[in-house]
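Q: I am sharing input17.pdb, which consists of PDB, C-alpha atoms:
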```pdb
ATOM      1  CA  MET A   1      52.669  72.689 -60.531
ATOM      2  CA  LYS A   2      50.741  72.927 -57.269
ATOM      3  CA  LYS A   3      52.179  70.730 -54.547
ATOM      4  CA  GLU A   4      49.647  68.434 -52.921
ATOM      5  CA  PRO A   5      49.616  68.656 -49.123
ATOM      6  CA  GLU A   6      51.308  65.829 -47.325
ATOM      7  CA  LEU A   7      48.696  63.730 -45.564
ATOM      8  CA  LYS A   8      49.676  62.090 -42.335
ATOM      9  CA  PHE A   9      47.402  59.066 -42.362
ATOM     10  CA  LYS A  10      47.270  55.985 -44.492
ATOM     11  CA  ASN A  11      43.932  54.684 -43.269
ATOM     12  CA  ALA A  12      40.965  55.316 -40.985
ATOM     13  CA  ASP A  13      42.553  53.593 -37.983
ATOM     14  CA  GLU A  14      45.554  55.923 -38.059
ATOM     15  CA  PHE A  15      43.280  58.932 -38.402
ATOM     16  CA  ILE A  16      41.002  57.855 -35.540
ATOM     17  CA  ALA A  17      44.027  57.149 -33.331
ATOM     18  CA  ALA A  18      45.337  60.664 -34.004
ATOM     19  CA  TRP A  19      41.939  62.164 -33.279
ATOM     20  CA  LYS A  20      41.645  60.249 -29.978
ATOM     21  CA  LYS A  21      45.139  61.404 -29.015
ATOM     22  CA  SER A  22      44.165  64.980 -29.829
ATOM     23  CA  GLN A  23      41.024  64.653 -27.678
ATOM     24  CA  GLN A  24      43.069  63.330 -24.758
ATOM     25  CA  GLU A  25      45.557  66.178 -25.183
ATOM     26  CA  THR A  26      42.712  68.691 -25.150
ATOM     27  CA  GLU A  27      41.407  67.226 -21.892
ATOM     28  CA  LEU A  28      44.859  67.329 -20.281
ATOM     29  CA  GLU A  29      45.476  70.882 -21.515
ATOM     30  CA  MET A  30      42.126  71.897 -20.074
ATOM     31  CA  ILE A  31      42.962  70.376 -16.683
ATOM     32  CA  GLU A  32      46.074  72.580 -16.611
ATOM     33  CA  PHE A  33      44.256  75.614 -18.008
ATOM     34  CA  ARG A  34      41.626  75.390 -15.256
ATOM     35  CA  LYS A  35      44.384  75.813 -12.675
ATOM     36  CA  THR A  36      45.504  79.183 -14.078
ATOM     37  CA  ASP A  37      44.563  82.510 -12.499
ATOM     38  CA  MET A  38      43.308  83.666 -15.879
ATOM     39  CA  TYR A  39      40.764  80.835 -16.000
ATOM     40  CA  LYS A  40      39.746  81.211 -12.344
ATOM     41  CA  ASN A  41      39.300  84.979 -12.667
ATOM     42  CA  ALA A  42      37.249  84.637 -15.853
ATOM     43  CA  LEU A  43      35.016  82.013 -14.274
ATOM     44  CA  GLU A  44      34.512  84.238 -11.236
ATOM     45  CA  GLU A  45      33.577  87.078 -13.579
ATOM     46  CA  LEU A  46      31.017  84.886 -15.385
ATOM     47  CA  ARG A  47      29.523  83.768 -12.083
ATOM     48  CA  LYS A  48      29.324  87.370 -10.830
ATOM     49  CA  ARG A  49      27.488  88.343 -14.020
ATOM     50  CA  ASN A  50      25.073  85.446 -13.541
ATOM     51  CA  GLU A  51      24.578  86.308  -9.881
ATOM     52  CA  SER A  52      23.859  89.973 -10.553
ATOM     53  CA  ARG A  53      21.361  88.956 -13.247
ATOM     54  CA  GLY A  54      19.851  86.371 -10.929
ATOM     55  CA  SER A  55      20.352  83.639 -13.525
ATOM     56  CA  SER A  56      22.824  82.298 -16.067
ATOM     57  CA  VAL A  57      20.081  82.629 -18.711
ATOM     58  CA  VAL A  58      20.033  85.553 -21.138
ATOM     59  CA  LYS A  59      17.398  86.585 -23.644
ATOM     60  CA  VAL A  60      18.731  87.424 -27.090
TER      61      VAL A  60
ATOM     62  CA  MET B   1      15.401  83.265 -27.743
ATOM     63  CA  LEU B   2      16.805  82.159 -24.407
ATOM     64  CA  ARG B   3      20.275  80.737 -23.930
ATOM     65  CA  TYR B   4      23.038  80.675 -21.353
ATOM     66  CA  ASP B   5      25.489  83.524 -21.016
ATOM     67  CA  TYR B   6      28.895  82.379 -22.258
ATOM     68  CA  GLN B   7      32.387  83.770 -22.335
ATOM     69  CA  TRP B   8      35.438  83.303 -24.522
ATOM     70  CA  LEU B   9      38.563  82.362 -22.584
ATOM     71  CA  GLY B  10      41.054  81.712 -25.360
ATOM     72  CA  GLY B  11      43.654  79.400 -23.891
ATOM     73  CA  PRO B  12      44.987  76.210 -25.455
ATOM     74  CA  GLY B  13      42.049  75.600 -27.747
ATOM     75  CA  ASN B  14      39.855  78.697 -28.205
ATOM     76  CA  ILE B  15      37.905  77.840 -25.092
ATOM     77  CA  TYR B  16      34.409  79.111 -24.409
ATOM     78  CA  ASN B  17      32.517  78.250 -21.237
ATOM     79  CA  PHE B  18      29.054  78.593 -19.759
ATOM     80  CA  GLU B  19      27.246  77.426 -16.660
ATOM     81  CA  THR B  20      23.752  75.982 -16.663
ATOM     82  CA  GLN B  21      20.998  76.666 -14.160
ATOM     83  CA  SER B  22      21.749  73.332 -12.521
ATOM     84  CA  GLY B  23      25.395  74.323 -12.041
ATOM     85  CA  ILE B  24      26.949  72.240 -14.815
ATOM     86  CA  LEU B  25      29.971  74.024 -16.246
ATOM     87  CA  TYR B  26      30.493  73.292 -19.937
ATOM     88  CA  GLU B  27      33.534  74.099 -22.012
ATOM     89  CA  VAL B  28      33.547  74.268 -25.781
ATOM     90  CA  ALA B  29      36.974  73.891 -27.373
ATOM     91  CA  LEU B  30      37.764  74.794 -30.962
ATOM     92  CA  LYS B  31      41.311  73.565 -31.230
ATOM     93  CA  LYS B  32      43.445  74.209 -34.265
ATOM     94  CA  THR B  33      44.188  70.948 -36.018
ATOM     95  CA  ASP B  34      46.458  70.049 -38.886
ATOM     96  CA  TYR B  35      45.468  66.441 -39.297
ATOM     97  CA  LEU B  36      42.426  66.829 -41.472
ATOM     98  CA  PHE B  37      43.886  68.308 -44.625
ATOM     99  CA  GLY B  38      47.593  67.679 -43.971
ATOM    100  CA  LEU B  39      50.381  69.856 -42.624
ATOM    101  CA  ASN B  40      51.086  71.751 -45.829
ATOM    102  CA  SER B  41      47.493  72.383 -46.760
ATOM    103  CA  PRO B  42      46.500  76.040 -47.196
ATOM    104  CA  PHE B  43      43.484  75.232 -44.994
ATOM    105  CA  SER B  44      45.371  73.829 -41.976
ATOM    106  CA  GLU B  45      45.645  77.200 -40.237
ATOM    107  CA  GLN B  46      41.884  77.683 -40.347
ATOM    108  CA  THR B  47      40.798  74.159 -39.435
ATOM    109  CA  PHE B  48      39.506  73.598 -35.926
ATOM    110  CA  GLU B  49      38.285  70.553 -34.075
ATOM    111  CA  PHE B  50      35.114  71.026 -32.065
ATOM    112  CA  SER B  51      34.874  69.406 -28.614
ATOM    113  CA  ILE B  52      32.512  69.827 -25.708
ATOM    114  CA  LEU B  53      33.641  69.041 -22.184
ATOM    115  CA  VAL B  54      31.897  68.980 -18.827
ATOM    116  CA  ALA B  55      34.272  70.858 -16.509
ATOM    117  CA  HIS B  56      32.095  70.624 -13.423
ATOM    118  CA  ASN B  57      28.978  68.648 -12.688
ATOM    119  CA  PRO B  58      27.574  68.921  -9.165
ATOM    120  CA  LYS B  59      25.180  66.026  -9.828
ATOM    121  CA  LYS B  60      27.981  63.617 -10.831
ATOM    122  CA  SER B  61      25.533  61.667 -13.036
ATOM    123  CA  ASN B  62      25.283  62.285 -16.814
ATOM    124  CA  PRO B  63      23.886  65.744 -17.567
ATOM    125  CA  GLY B  64      20.287  65.354 -18.663
ATOM    126  CA  TYR B  65      18.572  67.194 -21.505
ATOM    127  CA  ASP B  66      18.668  70.961 -21.119
ATOM    128  CA  ARG B  67      16.858  72.918 -23.824
ATOM    129  CA  LEU B  68      19.117  75.950 -23.388
ATOM    130  CA  VAL B  69      22.366  74.116 -24.156
ATOM    131  CA  ALA B  70      21.644  73.850 -27.914
ATOM    132  CA  PRO B  71      21.061  77.593 -28.501
ATOM    133  CA  THR B  72      24.113  78.401 -26.373
ATOM    134  CA  ILE B  73      26.404  76.173 -28.426
ATOM    135  CA  SER B  74      24.874  77.579 -31.611
ATOM    136  CA  ALA B  75      25.654  81.119 -30.411
ATOM    137  CA  ILE B  76      29.237  80.082 -29.624
ATOM    138  CA  LEU B  77      29.730  78.647 -33.112
ATOM    139  CA  ILE B  78      28.282  81.791 -34.704
ATOM    140  CA  ASN B  79      30.678  83.876 -32.609
ATOM    141  CA  PHE B  80      33.594  81.688 -33.649
ATOM    142  CA  PHE B  81      32.847  82.182 -37.339
ATOM    143  CA  GLU B  82      32.532  85.938 -36.798
ATOM    144  CA  ILE B  83      36.213  85.965 -35.758
ATOM    145  CA  ASN B  84      37.198  84.517 -39.127
ATOM    146  CA  GLN B  85      34.648  83.857 -41.873
ATOM    147  CA  GLU B  86      37.012  81.315 -43.444
ATOM    148  CA  ASN B  87      37.218  79.062 -40.400
ATOM    149  CA  ILE B  88      36.590  75.364 -40.931
ATOM    150  CA  VAL B  89      35.113  73.339 -38.060
ATOM    151  CA  ILE B  90      35.153  69.582 -37.869
ATOM    152  CA  TYR B  91      33.306  67.416 -35.417
ATOM    153  CA  ILE B  92      33.939  63.709 -34.976
ATOM    154  CA  CYS B  93      31.563  61.747 -32.759
ATOM    155  CA  ASP B  94      33.207  59.488 -30.222
ATOM    156  CA  SER B  95      32.093  55.879 -30.221
ATOM    157  CA  ALA B  96      33.739  54.916 -26.914
ATOM    158  CA  ASP B  97      30.408  54.326 -25.209
ATOM    159  CA  ARG B  98      28.658  53.045 -28.364
ATOM    160  CA  ARG B  99      26.571  56.202 -28.610
ATOM    161  CA  PRO B 100      28.181  58.102 -31.500
ATOM    162  CA  HIS B 101      24.893  58.484 -33.339
ATOM    163  CA  LEU B 102      23.199  60.054 -30.316
ATOM    164  CA  ARG B 103      26.024  62.604 -30.240
ATOM    165  CA  LYS B 104      25.534  63.167 -33.941
ATOM    166  CA  ILE B 105      21.822  63.847 -33.408
ATOM    167  CA  LYS B 106      22.702  66.385 -30.706
ATOM    168  CA  PHE B 107      25.289  68.072 -32.927
ATOM    169  CA  ASP B 108      22.780  68.221 -35.788
ATOM    170  CA  ARG B 109      20.305  69.874 -33.428
ATOM    171  CA  TRP B 110      22.868  72.548 -32.539
ATOM    172  CA  PHE B 111      23.649  73.100 -36.200
ATOM    173  CA  ASP B 112      19.981  73.337 -37.168
ATOM    174  CA  LEU B 113      19.617  76.229 -34.766
ATOM    175  CA  PHE B 114      22.358  78.366 -36.249
ATOM    176  CA  LYS B 115      22.730  77.350 -39.875
ATOM    177  CA  GLY B 116      20.315  79.892 -41.355
ATOM    178  CA  GLU B 117      21.385  80.657 -44.896
ATOM    179  CA  ASN B 118      24.980  81.238 -43.928
ATOM    180  CA  PHE B 119      26.414  77.854 -43.061
ATOM    181  CA  LEU B 120      27.047  74.628 -44.871
ATOM    182  CA  LYS B 121      27.500  71.247 -43.156
ATOM    183  CA  ILE B 122      28.814  68.135 -44.857
ATOM    184  CA  ASP B 123      28.278  64.809 -43.092
ATOM    185  CA  ASP B 124      30.011  61.524 -43.640
ATOM    186  CA  PHE B 125      31.530  58.776 -41.537
ATOM    187  CA  ILE B 126      34.879  57.139 -41.035
ATOM    188  CA  LYS B 127      34.934  53.386 -40.609
ATOM    189  CA  ASP B 128      37.827  51.773 -38.765
ATOM    190  CA  GLN B 129      39.087  48.223 -39.245
ATOM    191  CA  SER B 130      36.713  46.874 -36.608
ATOM    192  CA  ASN B 131      33.827  48.330 -38.655
ATOM    193  CA  GLU B 132      33.099  50.998 -36.070
ATOM    194  CA  ASN B 133      31.524  54.043 -37.722
ATOM    195  CA  TYR B 134      32.550  57.503 -36.564
ATOM    196  CA  PRO B 135      30.191  60.183 -37.852
ATOM    197  CA  VAL B 136      32.153  63.224 -38.981
ATOM    198  CA  SER B 137      30.885  66.658 -39.944
ATOM    199  CA  LEU B 138      32.522  69.647 -41.549
ATOM    200  CA  ILE B 139      31.083  73.148 -41.183
ATOM    201  CA  ILE B 140      32.051  76.202 -43.198
ATOM    202  CA  LYS B 141      30.385  79.455 -44.129
ATOM    203  CA  ARG B 142      28.606  79.376 -47.458
ATOM    204  CA  GLN B 143      30.491  82.526 -48.382
ATOM    205  CA  ASN B 144      33.863  80.832 -47.901
ATOM    206  CA  PRO B 145      35.744  81.567 -51.155
ATOM    207  CA  ASN B 146      37.387  78.113 -51.024
ATOM    208  CA  LYS B 147      34.127  76.296 -50.395
ATOM    209  CA  ILE B 148      34.290  73.915 -53.354
ATOM    210  CA  GLU B 149      37.917  72.985 -52.789
ATOM    211  CA  ILE B 150      37.411  72.424 -49.043
ATOM    212  CA  VAL B 151      34.367  70.204 -49.521
ATOM    213  CA  THR B 152      36.075  68.260 -52.315
ATOM    214  CA  LYS B 153      39.219  67.701 -50.231
ATOM    215  CA  PHE B 154      37.125  66.642 -47.251
ATOM    216  CA  LEU B 155      35.148  64.085 -49.231
ATOM    217  CA  GLU B 156      38.278  62.809 -50.979
ATOM    218  CA  LEU B 157      39.960  62.361 -47.614
ATOM    219  CA  ILE B 158      37.057  60.354 -46.209
ATOM    220  CA  VAL B 159      36.984  58.092 -49.260
ATOM    221  CA  ARG B 160      40.745  57.591 -49.053
ATOM    222  CA  LEU B 161      40.689  56.816 -45.317
ATOM    223  CA  ASN B 162      37.807  54.392 -45.646
ATOM    224  CA  SER B 163      39.411  52.572 -48.544
ATOM    225  CA  GLY B 164      42.752  52.415 -46.691
ATOM    226  CA  LYS B 165      44.649  53.824 -49.680
TER     227      LYS B 165
END
```
Output the file's structure in the form of structure tokens.

A:
Amino acid sequence: MKKEPELKFKNADEFIAAWKKSQQETELEMIEFRKTDMYKNALEELRKRNESRGSSVVKV
Amino acid sequence: MLRYDYQWLGGPGNIYNFETQSGILYEVALKKTDYLFGLNSPFSEQTFEFSILVAHNPKKSNPGYDRLVAPTISAILINFFEINQENIVIYICDSADRRPHLRKIKFDRWFDLFKGENFLKIDDFIKDQSNENYPVSLIIKRQNPNKIEIVTKFLELIVRLNSGK
């Protein structure tokens, strides 16, 4: 018999609380990620591309 | 079609970023989440929560309407589904500033731009005990082999959460 997945939340309030916590974690993780060389180098690369094109806009 | 150039950074939540002509730096996060379908669900590994963040805003005030943001976010979502056709994206609209439905309208606009014949979006809402409605959307590719099961589980979950059972 197929086992049903275990759900973590009993009601909407619990689910929304978990979602808000996840959103806050994402924001905190991003604050740390922005401090890394990897992030800074990639952003510099994007800005160089935009500068050499004369705009951040591309036609696709 | 015009849009902003974007890049994929990876990082803690499949981060993409792009910078607008007015210097606003946006980040789109597609963070793996296990709380939608449950930890043991076969879909947990492919379920991602969509968020958009303003990483830098030289104007400090709320970013105004920019017609190139919608096609850029659409292109990012298309790219994300190219990585894995069986990805599942959920978006929940925050109600902190009492504007969840405006966010929903924006998200719908982004989706309308990229849906074509390839994507399916299911909309519903979650209501908390204070009767606050949180619009929630699920996006999958129409070709997803588990489409029926995913949509059924999603709708069952919403009903269960809203009934508190």

Q: Residue by residue, what does the PyMOL selection byres ((chain A) within 9 of (chain B)) grab here? Present the result as a ChimeraX atom specification.

A: /A:3-16,18-20,22-23,26-27,29-31,33-34,38-39,42-43,46-47,49-50,55-60

Q: Distance atom CA of Ile140 of chain B-atom CA of Tyr16 of chain B, one decimal place?

A: 19.2 Å

Q: What does the distance from atom CA of Ile83 of chain B to atom CA of Pro71 of chain B come to in Å, to one decimal?

A: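 Pair atom CA of Ile83 of chain B / atom CA of Pro71 of chain B returns 18.8 Å.
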
Q: Could you tell me how far atom CA of Val136 of chain B lies from atom CA of Ile122 of chain B, in Å and to one decimal?

A: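 Straight-line distance from atom CA of Val136 of chain B to atom CA of Ile122 of chain B works out to 8.4 Å.
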
Q: Could you expand the PyMOL selection byres ((chain B and resi 137) around 8) into the explicit residues it covers here, written as a list in words?

A: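 That selection, the PyMOL selection byres ((chain B and resi 137) around 8), comes back as Ile90, Tyr91, Ile92, Lys121, Ile122, Asp123, Asp124, Pro135, Val136, Leu138 and Ile139 of chain B.
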
Q: Point out the residue among B:Phe48, B:Tyr26, B:Phe111, B:Tyr65 with the least atom-to-atom distance to Val89 of chain B, counting all atoms listed in the file.

A: B:Phe48

Q: Tell me which of B:Asn133, B:Asn146, B:Ser61, B:Asn14 sits closest to Leu77 of chain B, counting only C-alpha atoms.

A: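 Ranked by minimum distance to Leu77 of chain B, first place goes to B:Asn14.
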
Q: Write out as JSON, numbers by chain each polymer residue whose atoms come within 10 Å of Asn84 of chain B, counting all atoms listed in the file; drop sequence neighbours fewer than 5 positions from it.

A: {"B": [46, 79, 141]}

Q: I need the residue nearest Glu82 of chain B from this list: B:Leu155, B:Arg67, B:Lys32, B:Phe119. Use all atoms listed in the file for the distance.

A: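 Looking at the shortest contact to Glu82 of chain B, the residue is B:Phe119.
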